[in-house]
Structures are given as C-alpha cells and as structure tokens.
$ cat structure.tsv   # TSV, C-alpha atoms
chain	number	residue	atom	x	y	z
B	1237	MET	CA	-29.15	-29.66	88.55
B	1238	PHE	CA	-27.74	-28.33	85.27
B	1239	PHE	CA	-24.08	-28.77	84.40
B	1240	ARG	CA	-22.69	-27.12	81.29
B	1241	SER	CA	-21.20	-29.43	78.70
B	1242	VAL	CA	-17.40	-29.66	78.74
B	1243	PRO	CA	-14.95	-31.54	76.50
B	1244	ALA	CA	-14.07	-35.02	77.71
B	1245	SER	CA	-10.40	-33.97	77.82
B	1246	LYS	CA	-11.19	-31.58	80.70
B	1247	LEU	CA	-12.50	-34.45	82.81
B	1248	GLN	CA	-9.45	-36.68	82.40
B	1249	LEU	CA	-5.91	-36.07	83.58
B	1250	PRO	CA	-3.14	-35.99	80.98
B	1251	THR	CA	0.03	-38.04	81.27
B	1252	ALA	CA	3.50	-36.57	81.62
B	1253	GLU	CA	3.94	-37.26	77.90
B	1254	THR	CA	0.71	-35.58	76.75
B	1255	ALA	CA	0.73	-32.58	79.14
B	1256	LEU	CA	1.56	-29.11	77.85
B	1257	PRO	CA	5.30	-28.26	78.05
B	1258	GLY	CA	4.93	-25.09	80.10
B	1259	ARG	CA	7.96	-22.86	80.66
B	1260	ASP	CA	11.05	-22.57	82.83
B	1261	ARG	CA	10.23	-19.14	84.25
B	1262	PRO	CA	7.51	-18.35	86.82
B	1263	ILE	CA	4.42	-16.44	85.79
B	1264	LEU	CA	4.70	-12.87	87.06
B	1265	THR	CA	2.52	-12.15	90.07
B	1266	GLN	CA	2.20	-9.53	92.79
B	1267	GLY	CA	4.34	-9.76	95.89
B	1268	ILE	CA	2.42	-8.36	98.89
B	1269	HIS	CA	-0.91	-9.63	100.21
B	1270	PRO	CA	-3.18	-6.53	100.34
B	1271	VAL	CA	-5.15	-7.85	103.32
B	1272	LEU	CA	-2.51	-9.57	105.44
B	1273	LYS	CA	0.34	-7.22	104.40
B	1274	GLN	CA	2.83	-10.08	104.04
B	1275	SER	CA	4.94	-11.29	101.14
B	1276	LEU	CA	3.37	-14.07	99.08
B	1277	PHE	CA	6.80	-15.61	98.63
B	1278	PRO	CA	9.09	-17.59	100.95
B	1279	PRO	CA	11.07	-17.59	103.09
B	1280	PHE	CA	8.34	-17.34	105.72
B	1281	PRO	CA	9.04	-16.75	109.43
B	1282	GLU	CA	10.37	-19.63	111.45
B	1283	GLY	CA	7.66	-21.81	112.92
B	1284	MET	CA	5.12	-21.23	110.15
B	1285	MET	CA	3.44	-24.26	108.57
B	1286	CYS	CA	2.24	-24.54	104.98
B	1287	ILE	CA	-0.40	-26.60	103.22
B	1288	THR	CA	-1.82	-26.36	99.70
B	1289	LEU	CA	-5.53	-26.99	99.21
B	1290	GLY	CA	-7.80	-27.42	96.20
B	1291	LEU	CA	-11.52	-26.95	96.81
B	1292	GLY	CA	-12.90	-25.63	93.55
B	1293	CYS	CA	-12.47	-22.10	92.22
B	1294	PHE	CA	-9.54	-20.61	94.10
B	1295	TRP	CA	-10.99	-17.11	94.49
B	1296	GLY	CA	-13.44	-17.97	97.25
B	1297	ALA	CA	-11.15	-20.58	98.74
B	1298	GLU	CA	-8.40	-18.04	99.28
B	1299	ARG	CA	-10.75	-15.56	100.97
B	1300	LEU	CA	-12.01	-18.27	103.33
B	1301	PHE	CA	-8.51	-18.85	104.64
B	1302	TRP	CA	-7.14	-15.31	104.72
B	1303	ARG	CA	-10.02	-14.46	107.07
B	1304	GLN	CA	-8.92	-17.03	109.65
B	1305	PRO	CA	-7.01	-15.85	112.76
B	1306	GLY	CA	-3.54	-17.37	112.73
B	1307	VAL	CA	-3.17	-17.46	108.95
B	1308	PHE	CA	0.01	-15.60	108.02
B	1309	VAL	CA	-0.46	-15.33	104.26
B	1310	THR	CA	-2.32	-16.97	101.37
B	1311	ALA	CA	-1.69	-17.20	97.63
B	1312	VAL	CA	-3.49	-18.89	94.76
B	1313	GLY	CA	-1.89	-21.09	92.17
B	1314	TYR	CA	-1.81	-24.42	90.41
B	1315	ALA	CA	-0.62	-27.84	91.59
B	1316	GLY	CA	-1.00	-31.56	91.06
B	1317	GLY	CA	-0.13	-31.72	87.38
B	1318	PHE	CA	2.84	-31.93	85.06
B	1319	THR	CA	3.19	-28.56	83.29
B	1320	PRO	CA	5.79	-26.26	84.91
B	1321	HIS	CA	4.68	-22.65	85.52
B	1322	PRO	CA	1.38	-22.94	83.65
B	1323	THR	CA	-0.93	-20.09	82.70
B	1324	TYR	CA	-4.57	-19.96	83.75
B	1325	ASP	CA	-5.73	-20.69	80.20
B	1326	GLU	CA	-3.45	-23.73	80.04
B	1327	VAL	CA	-4.82	-25.08	83.32
B	1328	CYS	CA	-8.40	-24.52	82.15
B	1329	SER	CA	-7.68	-26.47	78.97
B	1330	GLY	CA	-7.35	-29.65	81.01
B	1331	HIS	CA	-3.96	-30.38	79.45
B	1332	THR	CA	-1.69	-29.55	82.40
B	1333	GLY	CA	-3.09	-31.91	85.05
B	1334	HIS	CA	-3.17	-29.10	87.62
B	1335	THR	CA	-6.02	-28.11	89.90
B	1336	GLU	CA	-6.68	-24.62	91.23
B	1337	VAL	CA	-5.27	-24.34	94.76
B	1338	VAL	CA	-4.66	-21.94	97.61
B	1339	ARG	CA	-1.42	-22.08	99.56
B	1340	VAL	CA	-2.09	-21.44	103.25
B	1341	VAL	CA	0.81	-20.40	105.47
B	1342	PHE	CA	-0.22	-20.39	109.11
B	1343	ASP	CA	1.02	-20.16	112.68
B	1344	PRO	CA	0.26	-23.53	114.36
B	1345	GLN	CA	0.32	-21.80	117.75
B	1346	LYS	CA	-2.77	-19.82	116.70
B	1347	ILE	CA	-4.57	-22.18	114.32
B	1348	THR	CA	-3.81	-25.90	114.08
B	1349	LEU	CA	-3.43	-28.09	111.02
B	1350	LEU	CA	-6.61	-29.94	112.01
B	1351	GLN	CA	-8.53	-26.67	112.22
B	1352	VAL	CA	-7.31	-25.69	108.76
B	1353	LEU	CA	-8.29	-29.09	107.37
B	1354	ARG	CA	-11.72	-28.99	108.98
B	1355	LEU	CA	-12.36	-25.67	107.27
B	1356	PHE	CA	-11.27	-27.27	104.01
B	1357	TRP	CA	-13.56	-30.29	104.33
B	1358	GLU	CA	-16.62	-28.33	105.40
B	1359	ALA	CA	-16.31	-25.60	102.73
B	1360	HIS	CA	-16.77	-27.85	99.68
B	1361	ASP	CA	-18.04	-31.23	98.52
B	1362	PRO	CA	-15.04	-33.62	98.36
B	1363	THR	CA	-17.06	-36.40	96.68
B	1364	GLN	CA	-17.58	-34.77	93.28
B	1365	GLY	CA	-14.52	-35.85	91.32
B	1366	MET	CA	-13.65	-33.47	88.50
B	1367	ARG	CA	-15.93	-30.63	89.53
B	1368	GLN	CA	-17.36	-28.46	92.27
B	1369	GLY	CA	-21.02	-27.69	91.69
B	1370	ASN	CA	-21.44	-26.16	88.24
B	1371	ASP	CA	-17.68	-25.64	87.88
B	1372	VAL	CA	-16.70	-28.64	85.80
B	1373	GLY	CA	-13.21	-29.81	84.85
B	1374	SER	CA	-10.06	-31.33	86.30
B	1375	GLN	CA	-8.91	-27.89	87.52
B	1376	TYR	CA	-11.73	-27.94	90.09
B	1377	ARG	CA	-10.94	-31.28	91.69
B	1378	SER	CA	-10.45	-31.54	95.45
B	1379	ALA	CA	-6.86	-31.87	96.68
B	1380	ILE	CA	-4.62	-31.66	99.74
B	1381	PHE	CA	-0.89	-31.27	99.14
B	1382	CYS	CA	1.19	-31.50	102.31
B	1383	GLU	CA	4.72	-30.41	103.13
B	1384	THR	CA	5.66	-33.30	105.43
B	1385	GLU	CA	4.87	-36.99	105.86
B	1386	ALA	CA	3.44	-36.26	109.31
B	1387	ASP	CA	0.99	-33.76	107.80
B	1388	LEU	CA	0.13	-36.29	105.10
B	1389	ALA	CA	-0.71	-38.92	107.73
B	1390	ALA	CA	-2.88	-36.44	109.64
B	1391	ALA	CA	-4.74	-35.37	106.51
B	1392	SER	CA	-5.32	-38.97	105.42
B	1393	ALA	CA	-6.64	-39.96	108.84
B	1394	LEU	CA	-9.04	-37.03	108.93
B	1395	ALA	CA	-10.24	-37.90	105.42
B	1396	GLU	CA	-11.07	-41.43	106.53
B	1397	GLY	CA	-13.09	-40.17	109.45
B	1398	TYR	CA	-14.91	-37.54	107.39
B	1399	GLU	CA	-15.81	-40.09	104.72
B	1400	VAL	CA	-17.63	-42.10	107.38
B	1401	GLN	CA	-19.55	-38.96	108.33
B	1402	LEU	CA	-20.43	-38.20	104.70
B	1403	LYS	CA	-21.62	-41.73	103.98
B	1404	SER	CA	-23.80	-41.67	107.09
B	1405	HIS	CA	-25.56	-38.72	105.43
B	1406	GLY	CA	-26.10	-40.59	102.17
B	1407	MET	CA	-23.14	-39.19	100.26
B	1408	GLY	CA	-20.45	-40.98	98.28
B	1409	SER	CA	-16.76	-41.67	98.76
B	1410	ILE	CA	-14.20	-38.89	99.04
B	1411	THR	CA	-12.34	-38.26	95.77
B	1412	THR	CA	-9.83	-35.79	97.22
B	1413	GLU	CA	-6.26	-36.27	96.03
B	1414	ILE	CA	-3.92	-36.31	99.05
B	1415	ALA	CA	-0.18	-36.19	98.44
B	1416	CYS	CA	3.10	-34.81	99.78
B	1417	LYS	CA	5.74	-32.43	98.40
B	1418	VAL	CA	3.82	-31.44	95.26
B	1419	PRO	CA	5.18	-28.37	93.41
B	1420	PHE	CA	3.12	-25.19	93.73
B	1421	TYR	CA	3.04	-22.69	90.87
B	1422	TYR	CA	1.79	-19.16	91.54
B	1423	ALA	CA	-1.17	-17.93	89.52
B	1424	GLU	CA	-1.18	-14.65	87.67
B	1425	ALA	CA	-1.38	-11.37	89.60
B	1426	TYR	CA	-5.02	-10.72	88.69
B	1427	HIS	CA	-6.08	-13.94	90.45
B	1428	GLN	CA	-4.27	-13.18	93.71
B	1429	GLN	CA	-6.69	-12.06	96.44
B	1430	TYR	CA	-9.31	-11.62	93.69
B	1431	LEU	CA	-12.26	-11.20	96.04
B	1432	TYR	CA	-10.48	-8.38	97.84
B	1433	THR	CA	-10.20	-6.32	94.66
B	1434	HIS	CA	-13.56	-7.64	93.35
B	1435	PRO	CA	-15.67	-8.08	96.52
B	1436	ASP	CA	-18.81	-8.90	94.51
B	1437	GLY	CA	-16.98	-11.45	92.36
B	1438	TYR	CA	-17.84	-15.09	91.93
B	1439	CYS	CA	-17.44	-17.45	94.89
B	1440	GLY	CA	-18.29	-21.09	94.24
B	1441	LEU	CA	-17.79	-22.46	97.75
B	1442	ARG	CA	-20.64	-24.78	98.70
B	1443	GLY	CA	-20.24	-27.15	101.62
B	1444	THR	CA	-22.18	-30.33	102.19
B	1445	GLY	CA	-23.57	-29.26	105.54
B	1446	VAL	CA	-21.86	-32.26	107.16
B	1447	SER	CA	-19.65	-31.37	110.12
B	1448	CYS	CA	-16.08	-32.64	110.29
B	1449	LEU	CA	-15.60	-33.31	114.00

$ encode --input "structure.tsv" --output "structure tokens"
Amino acid sequence: MFFRSVPASKLQLPTAETALPGRDRPILTQGIHPVLKQSLFPPFPEGMMCITLGLGCFWGAERLFWRQPGVFVTAVGYAGGFTPHPTYDEVCSGHTGHTEVVRVVFDPQKITLLQVLRLFWEAHDPTQGMRQGNDVGSQYRSAIFCETEADLAAASALAEGYEVQLKSHGMGSITTEIACKVPFYYAEAYHQQYLYTHPDGYCGLRGTGVSCL
C-alpha cells in the first residue's frame, strides 16, 4: 500500500514548549446542526452524555455518528494537544499536538456509551499510530476523550477486550489515546457537517472488519 511522504515532525507530538501558541479566542464556527437542528454549543439538555472521538479524518466520522438514533448533536474539532483554539492549518502542521475529533452528544436512554464506543472501534483501525490508511500525520491518530472517570474506565475496559479480538485476527496492539477531561476546540465552520454540504466529499473511514462484541 502506498503512503505519501510526510515530514517527520507530523509523526511526532510536540511538547508544551514547542507547540504553536494559538490564540485566546475561539475560531468562528456555525451554530446550528443542519441535519439534527440543534445547537452545536452547550449547554445541552439535562441527561445528555458527551464523548469526543478521534478516528481519522473528522468529516466521515461526524456523519457516522449524526446518523445514529439517540445522538442529539455532533460537532467536529481538535483535541489532545497543547495549542488553544488552533486553526485547521496549524493542526495539519503537526505543531499543535491535536488530533481531528468529533464531539458526540447523545441520549443514553436511546443509545448507550458502549454502543457509541463499538461504532467507534469498528469504523476505523485503532492500531495504526499516527495515521488512518493513506491519511498520515498526528492529526489522524485514534483517540477517546471522556467527560467522567466512569466513562474513562468503561472505554479502557472495552479497549482491552477489543485488543484481544484484534490480535486474534493477526493485528497489532491498540494505539488509541484514552484520556479524561481533555479540552475540545471547535473546527472552522466549513468543516462542520462537511459531508452534508458536500455529500460526495472524501470519507476515509475504513474499519478492520473485526467485530467489537
């Protein structure tokens, strides 16, 4: 399989000292989800749960989740790095430490955390490190960023079980970053719900074919 050449800096995470400085104001983005007709911004209705997921290019990832019954709203953005309120170009430079993510706000009475996580695991290859398929760079790394310690424990336990499944099919160890209370920065308006406004646009989602039971 061919992978385009990328600078070494895009395959290594910066430190807090070497990351780009960013800015103290959010990047402007749109406010209403055109499919789900809900605000992209909190506060969300009482009882909603939230999780932030990185599984490669965020365009296709967001569409996967907004199509699920029980999902209240989705938004794409950047998380896991050091640079506050980064731009897309800054994230793609590899000098922010962020990965592309989708924030999923959902009603746990209609779709459970485990169902959301199973969709996440099965929609991409979590063993690839700093890439997904031909999308290469730290901004494409796999990640789960939870809101609570209980969610973190559930995500970690499911990761352990899924890794066993993957290895039984000849695959490597999971490289997914799993953490709690990681800041989420909204991406620019033109990235939000991109595959709604560009239905024939690029979607890089490629699962492994291994079920997460």

$ residues_near_point --input "structure.tsv" --point "(-19.9, -19.8, 103.5)" --cutoff "7 Å" --atoms "only C-alpha atoms" --output "list in words"
Ala1359, Leu1441 and Arg1442 of chain B

$ residues_around --input "structure.tsv" --residues "segment 1397-1411 of chain B" --least-positions-apart "3" --cutoff "6 Å" --atoms "all atoms listed in the file" --output "ChimeraX atom specification"
/B:1362-1363,1365,1394,1448

$ residues_around --input "structure.tsv" --residues "Ser1378 of chain B" --least-positions-apart "2" --cutoff "6 Å" --atoms "all atoms listed in the file" --output "VMD selection string"
chain B and resid 1290 to 1291 1362 1412

$ residues_around --input "structure.tsv" --residues "segment 1251-1257 of chain B" --least-positions-apart "5" --cutoff "10 Å" --atoms "only C-alpha atoms" --output "list in words"
Gly1317, Phe1318, Thr1319, Pro1320, His1321, Pro1322, Glu1326, Val1327, Ser1329, Gly1330, His1331, Thr1332, Gly1333 and His1334 of chain B

$ closest_residue --input "structure.tsv" --among "B:Glu1383, B:Ser1374, B:Ser1275, B:Gln1351" --to "Pro1250 of chain B" --atoms "only C-alpha atoms"
B:Ser1374

$ atom_distance --input "structure.tsv" --atom1 "atom CA of Gly1258 of chain B" --atom2 "atom CA of Ala1297 of chain B"
25.0 Å

$ atom_distance --input "structure.tsv" --atom1 "atom CA of Gln1304 of chain B" --atom2 "atom CA of Gly1440 of chain B"
18.5 Å

$ atom_distance --input "structure.tsv" --atom1 "atom CA of Ala1244 of chain B" --atom2 "atom CA of Cys1328 of chain B"
12.7 Å

$ residues_near_point --input "structure.tsv" --point "(-2.6, -21.9, 106.2)" --cutoff "7 Å" --atoms "all atoms listed in the file" --output "ChimeraX atom specification"
/B:1285-1287,1301,1307,1310,1339-1342,1352

$ residues_around --input "structure.tsv" --residues "Gln1429 of chain B" --least-positions-apart "6" --cutoff "10 Å" --atoms "all atoms listed in the file" --output "tab-separated table (two decimals) with C-alpha atoms, keeping the file's coordinate frame"
chain	number	residue	atom	x	y	z
B	1266	GLN	CA	2.20	-9.53	92.79
B	1269	HIS	CA	-0.91	-9.63	100.21
B	1270	PRO	CA	-3.18	-6.53	100.34
B	1271	VAL	CA	-5.15	-7.85	103.32
B	1294	PHE	CA	-9.54	-20.61	94.10
B	1295	TRP	CA	-10.99	-17.11	94.49
B	1296	GLY	CA	-13.44	-17.97	97.25
B	1297	ALA	CA	-11.15	-20.58	98.74
B	1298	GLU	CA	-8.40	-18.04	99.28
B	1299	ARG	CA	-10.75	-15.56	100.97
B	1302	TRP	CA	-7.14	-15.31	104.72
B	1310	THR	CA	-2.32	-16.97	101.37
B	1311	ALA	CA	-1.69	-17.20	97.63
B	1312	VAL	CA	-3.49	-18.89	94.76
B	1435	PRO	CA	-15.67	-8.08	96.52

$ closest_residue --input "structure.tsv" --among "B:Arg1261, B:Lys1246, B:Lys1273, B:His1360" --to "Leu1289 of chain B" --atoms "only C-alpha atoms"
B:His1360

$ closest_residue --input "structure.tsv" --among "B:Ala1395, B:Val1372, B:Leu1355, B:Val1338" --to "Thr1288 of chain B" --atoms "all atoms listed in the file"
B:Val1338

$ closest_residue --input "structure.tsv" --among "B:Met1284, B:Ile1263, B:Leu1300, B:Gly1316" --to "Glu1358 of chain B" --atoms "all atoms listed in the file"
B:Leu1300

$ closest_residue --input "structure.tsv" --among "B:Glu1413, B:Asp1436, B:Glu1424, B:Asp1387" --to "Thr1335 of chain B" --atoms "all atoms listed in the file"
B:Glu1413

$ closest_residue --input "structure.tsv" --among "B:Phe1277, B:Phe1308, B:Tyr1421, B:Phe1356" --to "Glu1336 of chain B" --atoms "only C-alpha atoms"
B:Tyr1421
